[in-house]
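> So here's entry-v2.cif, just mmCIF, C-alpha atoms and all ligand atoms:
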data_structure
#
loop_
_atom_site.label_atom_id
_atom_site.label_comp_id
_atom_site.auth_asym_id
_atom_site.auth_seq_id
_atom_site.Cartn_x
_atom_site.Cartn_y
_atom_site.Cartn_z
CA MET T 93 -112.51 -26.95 -1.55
CA ASP T 94 -113.44 -30.34 -2.93
CA LYS T 95 -111.93 -32.91 -5.29
CA ALA T 96 -113.21 -31.04 -8.38
CA PHE T 97 -111.49 -27.83 -7.22
CA TRP T 98 -108.14 -29.56 -6.68
CA ASP T 99 -108.38 -31.65 -9.87
CA GLN T 100 -108.97 -28.48 -11.87
CA LYS T 101 -106.18 -26.57 -10.11
CA TYR T 102 -103.72 -29.37 -10.90
CA SER T 103 -104.89 -29.73 -14.55
CA VAL T 104 -101.96 -27.73 -15.90
CA ASP T 105 -98.59 -28.93 -17.17
CA GLU T 106 -96.48 -27.17 -14.56
CA TYR T 107 -96.29 -28.23 -10.91
CA VAL T 108 -98.49 -25.70 -9.10
CA TYR T 109 -96.50 -26.01 -5.85
CA THR T 110 -93.19 -26.63 -7.66
CA THR T 111 -91.18 -29.85 -7.47
CA GLU T 112 -89.03 -28.45 -4.62
CA VAL T 113 -89.45 -29.85 -1.12
CA ASN T 114 -90.97 -27.49 1.45
CA ARG T 115 -88.17 -25.67 3.26
CA PHE T 116 -89.40 -26.50 6.78
CA VAL T 117 -89.76 -30.18 5.86
CA LYS T 118 -86.19 -30.12 4.55
CA GLU T 119 -84.91 -28.27 7.62
CA HIS T 120 -86.40 -30.64 10.19
CA LEU T 121 -86.63 -34.05 8.50
CA SER T 122 -83.63 -34.37 6.16
CA ASP T 123 -81.55 -36.28 8.70
CA LEU T 124 -84.12 -38.97 9.56
CA PRO T 125 -83.03 -42.46 8.50
CA PRO T 126 -85.23 -43.83 5.69
CA GLY T 127 -88.24 -45.94 6.53
CA LYS T 128 -91.95 -45.88 5.71
CA MET T 129 -94.05 -42.72 5.70
CA ILE T 130 -97.39 -41.18 4.82
CA ASP T 131 -97.51 -37.80 3.06
CA LEU T 132 -101.09 -36.82 3.91
CA ALA T 133 -102.56 -34.48 1.28
CA GLY T 134 -99.29 -34.76 -0.62
CA GLY T 135 -100.80 -33.42 -3.85
CA GLU T 136 -98.42 -33.35 -6.82
CA GLY T 137 -95.77 -34.93 -4.61
CA ARG T 138 -92.95 -32.43 -4.15
CA ASN T 139 -92.36 -33.72 -0.59
CA THR T 140 -93.17 -37.36 -1.46
CA ILE T 141 -90.43 -37.41 -4.10
CA PHE T 142 -87.88 -35.71 -1.82
CA PHE T 143 -88.18 -38.62 0.62
CA ALA T 144 -88.39 -41.35 -2.04
CA GLU T 145 -85.11 -40.05 -3.48
CA ARG T 146 -83.62 -40.62 -0.02
CA GLY T 147 -84.78 -44.23 0.11
CA TRP T 148 -88.10 -43.83 1.93
CA GLN T 149 -91.19 -45.83 0.97
CA VAL T 150 -93.80 -43.08 0.69
CA GLU T 151 -97.58 -43.22 0.49
CA ASN T 152 -99.17 -40.01 -0.80
CA VAL T 153 -102.83 -39.89 0.33
CA ASP T 154 -104.76 -37.16 -1.48
CA LEU T 155 -108.27 -36.27 -2.63
CA SER T 156 -107.09 -35.27 -6.10
CA SER T 157 -106.51 -38.06 -8.63
CA VAL T 158 -104.97 -35.47 -10.98
CA GLY T 159 -102.47 -34.44 -8.31
CA LEU T 160 -101.58 -38.08 -7.64
CA GLU T 161 -101.07 -38.77 -11.37
CA LYS T 162 -98.58 -35.88 -11.46
CA CYS T 163 -96.87 -37.34 -8.39
CA GLN T 164 -96.51 -40.71 -10.15
CA LYS T 165 -95.19 -38.96 -13.29
CA LEU T 166 -92.54 -37.17 -11.25
CA ALA T 167 -91.67 -40.44 -9.48
CA ALA T 168 -91.12 -42.10 -12.87
CA GLU T 169 -88.95 -39.21 -14.10
CA ARG T 170 -86.84 -39.41 -10.92
CA LYS T 171 -86.73 -43.26 -11.15
CA VAL T 172 -88.31 -43.83 -7.73
CA SER T 173 -91.65 -45.32 -8.82
CA ASP T 174 -90.97 -48.50 -6.84
CA LEU T 175 -90.92 -46.45 -3.62
CA VAL T 176 -93.97 -44.27 -4.26
CA PHE T 177 -97.53 -45.39 -3.48
CA THR T 178 -100.64 -43.30 -4.02
CA THR T 179 -104.00 -43.55 -2.30
CA ASN T 180 -106.83 -41.48 -3.74
CA ALA T 181 -108.94 -40.86 -0.66
CA SER T 182 -110.12 -38.23 1.78
CA ALA T 183 -107.81 -37.46 4.69
CA LEU T 184 -110.93 -37.89 6.84
CA ASP T 185 -111.41 -41.52 5.80
CA PHE T 186 -108.46 -43.43 4.41
CA ASP T 187 -106.84 -46.84 4.81
CA SER T 188 -103.09 -46.69 4.54
CA LYS T 189 -101.25 -49.24 2.41
CA LEU T 190 -98.01 -48.76 4.38
CA ALA T 191 -99.07 -48.32 8.02
CA PRO T 192 -97.60 -48.53 10.56
CA VAL T 193 -95.13 -45.87 9.42
CA ASP T 194 -92.06 -44.13 10.86
CA LEU T 195 -93.12 -40.66 9.75
CA GLY T 196 -96.46 -38.95 9.22
CA LEU T 197 -96.21 -35.71 7.25
CA CYS T 198 -99.03 -33.25 6.63
CA ALA T 199 -98.23 -30.12 4.59
CA TYR T 200 -100.79 -27.38 3.94
CA LEU T 201 -103.95 -29.42 4.50
CA GLN T 202 -106.03 -26.28 5.14
CA ILE T 203 -109.40 -27.63 6.25
CA PRO T 204 -111.73 -26.65 9.12
CA GLN T 205 -110.46 -27.39 12.62
CA ASN T 206 -112.92 -30.25 13.34
CA ASP T 207 -112.01 -31.99 10.08
CA LEU T 208 -108.32 -31.42 10.67
CA ALA T 209 -108.65 -33.06 14.09
CA VAL T 210 -110.15 -36.16 12.43
CA ALA T 211 -107.47 -36.26 9.70
CA LEU T 212 -104.58 -35.88 12.14
CA GLY T 213 -106.12 -38.49 14.42
CA LEU T 214 -106.09 -40.99 11.54
CA LEU T 215 -102.55 -40.03 10.53
CA VAL T 216 -101.17 -40.32 14.06
CA ALA T 217 -102.90 -43.70 14.51
CA ASP T 218 -100.85 -44.95 11.53
CA ILE T 219 -97.50 -43.86 13.04
CA LYS T 220 -95.39 -46.40 14.98
CA GLN T 221 -94.60 -45.77 18.62
CA GLY T 222 -91.51 -43.53 18.64
CA GLY T 223 -92.22 -42.34 15.10
CA VAL T 224 -92.40 -38.70 14.03
CA PHE T 225 -95.35 -36.49 13.18
CA PHE T 226 -94.54 -33.27 11.29
CA GLY T 227 -96.95 -30.67 9.95
CA VAL T 228 -96.87 -27.31 8.26
CA TRP T 229 -99.72 -24.87 7.56
CA HIS T 230 -100.41 -21.30 6.53
CA ALA T 231 -100.97 -19.85 10.01
CA LEU T 232 -103.99 -17.86 11.16
CA GLU T 233 -101.69 -14.89 11.70
CA ASN T 234 -100.80 -14.97 8.00
CA LEU T 235 -104.22 -13.43 7.27
CA LYS T 236 -103.26 -10.14 8.87
CA ASP T 237 -99.48 -10.06 8.82
CA GLY T 238 -98.58 -12.24 5.85
CA PHE T 239 -99.19 -12.65 2.13
CA GLY T 240 -101.16 -15.26 0.17
CA GLY T 241 -102.59 -18.55 1.42
CA PRO T 242 -106.26 -19.18 2.17
CA GLN T 243 -108.28 -16.16 3.27
CA ASN T 244 -110.87 -18.14 5.27
CA PRO T 245 -109.85 -18.05 8.96
CA GLU T 246 -111.67 -21.37 9.59
CA VAL T 247 -108.97 -23.26 7.67
CA LEU T 248 -106.01 -21.43 9.20
CA PRO T 249 -104.71 -23.03 12.42
CA SER T 250 -102.97 -21.03 15.14
CA GLU T 251 -100.51 -22.26 17.75
CA GLU T 252 -103.43 -22.38 20.21
CA SER T 253 -105.89 -24.28 17.99
CA MET T 254 -103.18 -26.76 16.97
CA ALA T 255 -102.28 -27.35 20.61
CA GLU T 256 -105.97 -28.17 21.27
CA ILE T 257 -106.01 -30.75 18.48
CA LEU T 258 -102.72 -32.36 19.48
CA ALA T 259 -103.69 -32.52 23.18
CA GLU T 260 -106.24 -35.20 22.22
CA LEU T 261 -103.66 -37.40 20.47
CA PRO T 262 -101.01 -39.83 21.81
CA LEU T 263 -98.09 -37.51 21.11
CA SER T 264 -95.17 -35.90 22.86
CA VAL T 265 -95.14 -32.45 21.27
CA GLN T 266 -91.66 -31.12 20.45
CA PHE T 267 -92.81 -27.76 19.12
CA ILE T 268 -95.83 -25.86 17.78
CA THR T 269 -94.27 -22.71 16.38
CA ASN T 270 -95.10 -19.95 13.94
CA ARG T 271 -92.19 -19.23 11.65
CA ASP T 272 -91.68 -15.99 9.78
CA GLY T 273 -90.61 -16.24 6.19
CA GLN T 274 -90.86 -14.56 2.83
CA VAL T 275 -92.59 -15.43 -0.43
CA GLN T 276 -91.62 -14.16 -3.87
CA THR T 277 -94.43 -12.21 -5.55
CA LYS T 278 -94.67 -10.04 -8.68
CA GLU T 279 -94.23 -7.04 -6.39
CA GLY T 280 -91.14 -8.50 -4.70
CA LEU T 281 -90.66 -10.37 -1.44
CA LYS T 282 -93.61 -10.38 0.97
CA PRO T 283 -93.81 -11.74 4.52
CA SER T 284 -95.42 -15.11 5.26
CA ILE T 285 -96.23 -16.82 8.55
CA THR T 286 -96.13 -20.60 8.70
CA LEU T 287 -97.24 -22.84 11.54
CA THR T 288 -94.81 -25.72 12.06
CA VAL T 289 -95.45 -28.73 14.30
CA MET T 290 -93.28 -31.66 15.34
CA ALA T 291 -94.19 -34.46 17.75
CA ILE T 292 -93.22 -38.02 18.69
CA LYS T 293 -95.84 -40.81 18.81
CA LEU T 294 -96.26 -42.22 22.32
C1 LIG T 301 -102.10 -26.66 -0.77
S1 LIG T 301 -102.10 -28.29 -1.40
C2 LIG T 301 -100.63 -28.94 -0.64
C3 LIG T 301 -100.09 -30.14 -1.36
C4 LIG T 301 -98.78 -30.68 -0.79
N1 LIG T 301 -98.92 -31.13 0.57
C5 LIG T 301 -97.68 -29.67 -0.90
O1 LIG T 301 -97.22 -29.16 0.12
O2 LIG T 301 -97.27 -29.38 -2.04
C6 LIG T 301 -103.40 -29.04 -0.47
C7 LIG T 301 -103.67 -30.50 -0.84
O3 LIG T 301 -104.66 -31.00 0.04
C8 LIG T 301 -105.48 -31.89 -0.69
N2 LIG T 301 -106.73 -32.01 0.06
C9 LIG T 301 -107.61 -31.03 0.35
N3 LIG T 301 -108.62 -31.52 1.11
C10 LIG T 301 -108.36 -32.84 1.27
C11 LIG T 301 -109.01 -33.90 1.98
N4 LIG T 301 -110.14 -33.70 2.63
N5 LIG T 301 -108.46 -35.12 1.93
C12 LIG T 301 -107.29 -35.35 1.27
N6 LIG T 301 -106.64 -34.40 0.60
C13 LIG T 301 -107.15 -33.15 0.61
C14 LIG T 301 -105.62 -31.27 -2.04
O4 LIG T 301 -106.00 -32.18 -3.04
C15 LIG T 301 -104.21 -30.71 -2.25
O5 LIG T 301 -103.40 -31.63 -2.91
#
Can you give me the file's structure in the form of structure tokens?

Amino acid sequence: MDKAFWDQKYSVDEYVYTTEVNRFVKEHLSDLPPGKMIDLAGGEGRNTIFFAERGWQVENVDLSSVGLEKCQKLAAERKVSDLVFTTNASALDFDSKLAPVDLGLCAYLQIPQNDLAVALGLLVADIKQGGVFFGVWHALENLKDGFGGPQNPEVLPSEESMAEILAELPLSVQFITNRDGQVQTKEGLKPSITLTVMAIKL
């Protein structure tokens, strides 16, 4: 899925992934004191804006210029434009404007394992010692036991494949855990399985 795919997906008036922060991001990161952060593959900015509204300086790095324009529009509406920075680049090759940061967030960057290892390596390199890395993905197990999300197993990490990636990085892993949840569909609530990861930069 390349830039053209994401630009086209985001070329609608509504926010494809809503303007609501991801529930696992909210659950685990709401209490962090504000600082600087990177929202890697932040798209239309639902998580970026959540943090900016809490005083964080946030850099949203994403392949899609259309997604980033919607992020800036939302930032203006919420009056946090001065705290929101956008970098239109690949997660596999980006230079952060804000690094070193206190928090590196990566939500639903569903790319092949080798590419994900490169992207997370770059993100973690931009986090200060003692800073937090948090990630969330549609899990591999969602293919069989959950609803929606990508159907290509190559872009769906498991607890095991994520542990392999993180073992190569300077991190103290707090948890790599699949979480059960539910998504609303036209046919009612369906199960979903989400991989959540939290670690501290060494
Ligand atoms: C499922 S969306 C998630 C967006 C956002 N993190 C959220 O949770 O709402 C995936 C995002 O990854 C971005 N993306 C995909 N491949 C990328 C890459 N190689 N580099 C940077 N961004 C990428 C897309 O443009 C899209 O915004």
> Could you pull out the residues sitting within 8 Å of ligand LIG 301 (chain T), using all atoms listed in the file, and write them as JSON, numbers by chain?
{"T": [93, 94, 95, 98, 99, 109, 110, 113, 114, 131, 132, 133, 134, 135, 136, 137, 138, 139, 153, 154, 155, 156, 159, 180, 181, 182, 183, 184, 198, 199, 200, 201, 202, 203, 207, 211]}
> Please compute the atom CA of Lys165 of chain T-atom CA of Lys101 of chain T distance, one decimal, in Å.
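Result for atom CA of Lys165 of chain T versus atom CA of Lys101 of chain T: 16.9 Å, one decimal.
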> Which one is closest to Gly240 of chain T: T:Leu281, T:Gly213, T:Val265, T:Leu258? Count only C-alpha atoms.
T:Leu281
> Quick one, how far is atom CA of Pro262 of chain T from atom CA of Ile292 of chain T?
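If I compute the distance from atom CA of Pro262 of chain T to atom CA of Ile292 of chain T, I get 8.6 Å.
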> Using all atoms listed in the file, determine which residues lie at most 10 Å from segment 268-279 of chain T, disregarding the query and same-chain residues fewer than 3 positions distant; provide the list as an NGL selection string.
:T and (116 or 226-234 or 237-240 or 250-252 or 254-255 or 258 or 265 or 282-291)
> How many Å lie between atom CA of Lys118 of chain T and atom CA of Ile141 of chain T, rounded to one decimal?
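Here the two named atoms are 12.1 Å from each other.
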> Pick out the closest residue to Val172 of chain T from this set: T:Leu261, T:Leu190, T:Leu195, T:Ala144. Count only C-alpha atoms.
T:Ala144
> Taking all atoms listed in the file into account, name the residue in T:Ile219, T:Val108, T:Val158, T:Val176 that is nearest to Phe143 of chain T.
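Nearest to Phe143 of chain T: T:Val176.
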> Of the residues T:Asp123, T:Glu169, T:Asp185, T:Glu151, which is the one nearest to Leu208 of chain T, using all atoms listed in the file?
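So, comparing all the options, the nearest one is T:Asp185.
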> Could you list, as a list in words, every residue within 7 Å of Lys128 of chain T, counting only C-alpha atoms and ignoring same-chain residues fewer than 5 positions away?
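Close residues of Lys128 of chain T: Trp148, Gln149, Val150, Leu190, Val193, Asp194 and Leu195 of chain T.
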